[in-house]
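Visitor: I have a structure here, written as C-alpha cells, and I will follow up with some questions on it.
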Amino acid sequence: MRSLPHDPRKLAAIYGGGVVGALVRVGLAEAGSTGPGQWPWATFAVNVAGALLLGYLFALFREHPPESLSHPFLATGICGTLTTFSTMQLELYRMVDGGYLGLAAAYAAVTIVAGYLFLRLGIELERSRQPEAAK
Amino acid sequence: MTTPGWVAVGLLGGAAAAARFAIDAEISARRDVPFPLGILVVNLGGALALGLLTGVALHGEALVVVAGGGIGSFTTFSTWILDSHRLHAAGLARIAWLNIAVSLVAGFAAVALGHWLGTVL
C-alpha cells in the first residue's frame, strides 16, 4: 500500500537540500540587499552559481545514474532552492516601476545568458574530469 | 533577522523545494509534452504569490521569511535554464527559446498582476 506517490527518502533528501539552498540564498540576500536602481548582486550570484553547479551535476549523474539520494539532495534540493525565479522577477518589476528600464533589460538578459553559459561550463567541467575517472 | 526567523527560512525552504518537486512531477506525468510545463506553473505561481505579498505590503522579517524562504525557494532558475539546454541539445531549439521567452514575459506579468491584486485587496 502506498499513501505517497513519491519515495519518502527522496522527498527528505530534497527537503534537506532545500533547507541548505534557502539559508544560503536568504543569507546572502540579507547581507547584500539592494535598491531598485542597483544590480541585485546577491540574487545574480546565487542564480549563476546554482546554474554552474546544476550543469556539473547534470553531467555527473547522466553518466552515473544515481542509486543514492545525492541527486535529489544536490540538484532538486540545493540547486533548485539556491536559485530563484520569483525574486528575479520581483527585482525586474521594481526596476521597471522605478523607471530603471535599461537596468531591467540588462539584468534579465545578463542573468539568462550568464546562467546558460555557466550551466554549460559546469557540464564541460564535469566532462573534463573523464580522462581522470577512466584511469 | 532573529534565530526563529532563520529557522523558519530553513524549514519553509525545504518544504517549498519538496512542493516544487511534487507539483512538477504531477504536471509532467499528466501532460506528456516536451515543454517544461511543470516548472512554468511553479515559477508563474510563485511570481504571482510574490507580487501579491509585496502588494499587500508585507514587510520586515515576515517578508524575508515568507517571500525569501518560502516563495523564493519554491521557484527555481537553475532547473529552468537546464530545461532549455536539454531541449536545445535534443534538437528542440524553438521550444527551448519559447521556454525562456514565455517564462520571462509571463513571469513579469504575474508579479505585476499579483502586486496590483495585493494593492486592491
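Naming works like this for the C-alpha cells: A, B, ... for the chains as they're shown, residue 1 at the start of each chain, ligands 1 onward in shown order.
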Neighbouring residues of region 92-102 of chain B were defined as those with any atom within 10 Å, considering only C-alpha atoms; residues of the same chain fewer than 4 positions away were excluded. Please report them as a list in words.
Guide: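 Final neighbour list, sorted by chain and number: Ile112 of chain A; Pro34, Phe35, Pro36, Leu37, Ile39, Leu40, Trp80, Ile81, Leu82, Asp83, Ser84, His85, Arg86, Leu87, His88, Ala106, Gly107 and Phe108 of chain B.
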Visitor: Mind dumping a table of every chain B residue within 6 Å of chain A, with the nearest atom pair and its distance in Å to one decimal, using only C-alpha atoms, sorted by chain and rising number, as CSV?
Guide:
```
residue,atom,partner,partner_atom,distance
B:Gly10,CA,A:Val19,CA,4.4
B:Gly13,CA,A:Ala22,CA,5.1
B:Gly14,CA,A:Tyr15,CA,4.0
B:Ala15,CA,A:Tyr15,CA,6.0
B:Ala17,CA,A:Gly18,CA,5.3
B:Ala18,CA,A:Tyr15,CA,5.6
B:Gly46,CA,A:Ser86,CA,5.9
B:Ala47,CA,A:Ser86,CA,4.6
B:Gly68,CA,A:Val26,CA,6.0
B:Gly69,CA,A:Ala22,CA,5.8
B:Gly72,CA,A:Thr84,CA,5.4
B:Ser73,CA,A:Thr81,CA,4.6
B:Thr75,CA,A:Phe85,CA,5.4
B:Thr76,CA,A:Thr84,CA,4.3
B:Phe77,CA,A:Phe85,CA,4.9
B:Ser78,CA,A:Ala51,CA,4.7
B:Phe108,CA,A:Gln89,CA,5.6
```
Visitor: Can you tell me how far CA of Ala19 (chain B) sits from CA of Leu63 (chain B), in Å to one decimal?
Guide: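 Pair CA of Ala19 (chain B) / CA of Leu63 (chain B) returns 19.8 Å.
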Visitor: Give me, as a PyMOL selection string, all polymer residues having an atom no more than 8 Å from region 115-119 of chain B, counting only C-alpha atoms and skipping those fewer than 5 positions away in the same chain.
Guide: chain B and resi 48+50-57
Visitor: Write down as a PDB file with C-alpha atoms, in the first residue's frame the residues belonging to region 3-127 of chain A that are assigned helix (DSSP H, G or I) by DSSP computed on the backbone.
Guide:
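What landed in selection03.pdb:
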```pdb
ATOM      1  CA  PRO A   8       9.765   9.483   1.234  1.00  0.00           C
ATOM      2  CA  ARG A   9      13.553   9.243   1.367  1.00  0.00           C
ATOM      3  CA  LYS A  10      13.777  11.105  -1.902  1.00  0.00           C
ATOM      4  CA  LEU A  11      11.427  13.782  -0.580  1.00  0.00           C
ATOM      5  CA  ALA A  12      13.506  14.021   2.595  1.00  0.00           C
ATOM      6  CA  ALA A  13      16.684  14.435   0.524  1.00  0.00           C
ATOM      7  CA  ILE A  14      15.033  17.204  -1.488  1.00  0.00           C
ATOM      8  CA  TYR A  15      13.819  18.807   1.740  1.00  0.00           C
ATOM      9  CA  GLY A  16      17.309  18.719   3.212  1.00  0.00           C
ATOM     10  CA  GLY A  17      18.839  20.282   0.128  1.00  0.00           C
ATOM     11  CA  GLY A  18      16.098  22.889   0.169  1.00  0.00           C
ATOM     12  CA  VAL A  19      16.999  23.913   3.714  1.00  0.00           C
ATOM     13  CA  VAL A  20      20.610  24.472   2.664  1.00  0.00           C
ATOM     14  CA  GLY A  21      19.758  26.322  -0.542  1.00  0.00           C
ATOM     15  CA  ALA A  22      17.249  28.585   1.182  1.00  0.00           C
ATOM     16  CA  LEU A  23      19.575  29.538   4.027  1.00  0.00           C
ATOM     17  CA  VAL A  24      22.440  30.371   1.675  1.00  0.00           C
ATOM     18  CA  ARG A  25      20.283  32.419  -0.685  1.00  0.00           C
ATOM     19  CA  VAL A  26      18.426  34.367   2.003  1.00  0.00           C
ATOM     20  CA  GLY A  27      21.637  34.772   3.979  1.00  0.00           C
ATOM     21  CA  LEU A  28      23.371  36.376   1.021  1.00  0.00           C
ATOM     22  CA  ALA A  29      20.320  38.496   0.219  1.00  0.00           C
ATOM     23  CA  GLU A  30      20.205  39.831   3.748  1.00  0.00           C
ATOM     24  CA  ALA A  31      23.928  40.558   3.714  1.00  0.00           C
ATOM     25  CA  TRP A  41      24.235  41.035  -6.780  1.00  0.00           C
ATOM     26  CA  ALA A  42      23.019  38.505  -4.240  1.00  0.00           C
ATOM     27  CA  THR A  43      20.283  37.060  -6.452  1.00  0.00           C
ATOM     28  CA  PHE A  44      22.524  37.176  -9.503  1.00  0.00           C
ATOM     29  CA  ALA A  45      25.320  35.357  -7.679  1.00  0.00           C
ATOM     30  CA  VAL A  46      23.166  32.509  -6.373  1.00  0.00           C
ATOM     31  CA  ASN A  47      21.427  32.063  -9.703  1.00  0.00           C
ATOM     32  CA  VAL A  48      24.649  31.860 -11.678  1.00  0.00           C
ATOM     33  CA  ALA A  49      26.403  29.692  -9.077  1.00  0.00           C
ATOM     34  CA  GLY A  50      23.414  27.378  -8.933  1.00  0.00           C
ATOM     35  CA  ALA A  51      23.361  27.087 -12.716  1.00  0.00           C
ATOM     36  CA  LEU A  52      27.075  26.195 -12.730  1.00  0.00           C
ATOM     37  CA  LEU A  53      26.562  23.549 -10.075  1.00  0.00           C
ATOM     38  CA  LEU A  54      23.471  22.115 -11.729  1.00  0.00           C
ATOM     39  CA  GLY A  55      25.300  21.848 -15.044  1.00  0.00           C
ATOM     40  CA  TYR A  56      28.046  19.897 -13.341  1.00  0.00           C
ATOM     41  CA  LEU A  57      25.576  17.629 -11.541  1.00  0.00           C
ATOM     42  CA  PHE A  58      23.549  17.095 -14.704  1.00  0.00           C
ATOM     43  CA  ALA A  59      26.644  15.796 -16.495  1.00  0.00           C
ATOM     44  CA  LEU A  60      27.804  13.828 -13.451  1.00  0.00           C
ATOM     45  CA  PHE A  61      24.570  11.977 -12.841  1.00  0.00           C
ATOM     46  CA  ARG A  62      23.843  11.474 -16.511  1.00  0.00           C
ATOM     47  CA  GLU A  63      26.912   9.319 -16.873  1.00  0.00           C
ATOM     48  CA  SER A  70      22.664  12.541  -3.869  1.00  0.00           C
ATOM     49  CA  HIS A  71      20.934  13.768  -6.991  1.00  0.00           C
ATOM     50  CA  PRO A  72      17.650  14.860  -5.386  1.00  0.00           C
ATOM     51  CA  PHE A  73      19.591  16.390  -2.483  1.00  0.00           C
ATOM     52  CA  LEU A  74      22.094  18.294  -4.590  1.00  0.00           C
ATOM     53  CA  ALA A  75      20.149  19.102  -7.745  1.00  0.00           C
ATOM     54  CA  THR A  76      16.472  19.475  -6.869  1.00  0.00           C
ATOM     55  CA  GLY A  77      17.269  20.327  -3.276  1.00  0.00           C
ATOM     56  CA  ILE A  78      20.260  22.635  -3.247  1.00  0.00           C
ATOM     57  CA  CYS A  79      20.455  23.987  -6.804  1.00  0.00           C
ATOM     58  CA  GLY A  80      16.702  24.231  -7.233  1.00  0.00           C
ATOM     59  CA  THR A  81      16.345  26.149  -3.991  1.00  0.00           C
ATOM     60  CA  LEU A  82      19.554  28.159  -4.027  1.00  0.00           C
ATOM     61  CA  SER A  86      10.372  34.804  -8.429  1.00  0.00           C
ATOM     62  CA  THR A  87      12.874  37.047  -6.657  1.00  0.00           C
ATOM     63  CA  MET A  88      14.446  37.922 -10.001  1.00  0.00           C
ATOM     64  CA  GLN A  89      11.021  38.789 -11.427  1.00  0.00           C
ATOM     65  CA  LEU A  90      10.220  40.984  -8.433  1.00  0.00           C
ATOM     66  CA  GLU A  91      13.537  42.758  -8.851  1.00  0.00           C
ATOM     67  CA  LEU A  92      12.733  43.331 -12.540  1.00  0.00           C
ATOM     68  CA  TYR A  93       9.310  44.652 -11.592  1.00  0.00           C
ATOM     69  CA  ARG A  94      10.779  47.090  -9.064  1.00  0.00           C
ATOM     70  CA  MET A  95      13.325  48.275 -11.641  1.00  0.00           C
ATOM     71  CA  VAL A  96      10.635  48.922 -14.228  1.00  0.00           C
ATOM     72  CA  ASP A  97       8.358  50.523 -11.642  1.00  0.00           C
ATOM     73  CA  LEU A 101      14.274  50.255 -17.791  1.00  0.00           C
ATOM     74  CA  GLY A 102      17.785  49.837 -19.158  1.00  0.00           C
ATOM     75  CA  LEU A 103      18.899  48.179 -15.952  1.00  0.00           C
ATOM     76  CA  ALA A 104      15.911  45.828 -16.083  1.00  0.00           C
ATOM     77  CA  ALA A 105      16.637  44.805 -19.658  1.00  0.00           C
ATOM     78  CA  ALA A 106      20.312  44.284 -18.861  1.00  0.00           C
ATOM     79  CA  TYR A 107      19.575  42.335 -15.699  1.00  0.00           C
ATOM     80  CA  ALA A 108      17.145  39.992 -17.453  1.00  0.00           C
ATOM     81  CA  ALA A 109      19.431  39.413 -20.422  1.00  0.00           C
ATOM     82  CA  VAL A 110      22.650  39.011 -18.458  1.00  0.00           C
ATOM     83  CA  THR A 111      21.085  36.675 -15.898  1.00  0.00           C
ATOM     84  CA  ILE A 112      19.751  34.376 -18.582  1.00  0.00           C
ATOM     85  CA  VAL A 113      22.885  34.433 -20.743  1.00  0.00           C
ATOM     86  CA  ALA A 114      25.228  34.039 -17.774  1.00  0.00           C
ATOM     87  CA  GLY A 115      23.046  31.309 -16.327  1.00  0.00           C
ATOM     88  CA  TYR A 116      23.155  29.401 -19.585  1.00  0.00           C
ATOM     89  CA  LEU A 117      26.914  29.903 -20.073  1.00  0.00           C
ATOM     90  CA  PHE A 118      27.732  28.817 -16.513  1.00  0.00           C
ATOM     91  CA  LEU A 119      25.445  25.799 -16.866  1.00  0.00           C
ATOM     92  CA  ARG A 120      27.376  24.804 -19.994  1.00  0.00           C
ATOM     93  CA  LEU A 121      30.627  25.478 -18.150  1.00  0.00           C
ATOM     94  CA  GLY A 122      29.512  23.163 -15.387  1.00  0.00           C
ATOM     95  CA  ILE A 123      28.833  20.422 -17.913  1.00  0.00           C
ATOM     96  CA  GLU A 124      32.230  20.933 -19.547  1.00  0.00           C
ATOM     97  CA  LEU A 125      33.994  20.890 -16.185  1.00  0.00           C
ATOM     98  CA  GLU A 126      32.496  17.504 -15.422  1.00  0.00           C
ATOM     99  CA  ARG A 127      33.353  16.164 -18.867  1.00  0.00           C
TER     100      ARG A 127
END
```
Visitor: For a test of reading the model, state the distance in Å between CA of Val120 (chain B) and CA of Leu58 (chain B), rounded to one decimal.
Guide: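 That distance, rounded to one decimal, is 14.1 Å.
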Visitor: Between A:Trp39, A:Ser33, A:Leu69, A:Asp7, which residue has the minimum interatomic distance to Val64 (chain B), considering only C-alpha atoms?
Guide: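 Looking at the shortest contact to Val64 (chain B), the residue is A:Ser33.
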Visitor: Pick the closest to Met1 (chain B) from B:Gly70, B:Gly45, B:Gly38, B:Gly60: which is it, counting only C-alpha atoms?
Guide: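 Using only C-alpha atoms, Met1 (chain B) sits closest to B:Gly60.
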Visitor: Just the number, please: distance in Å from CA of Val9 (chain B) to CA of Phe74 (chain B), one decimal.
Guide: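 Between CA of Val9 (chain B) and CA of Phe74 (chain B) the gap works out to 11.8 Å.
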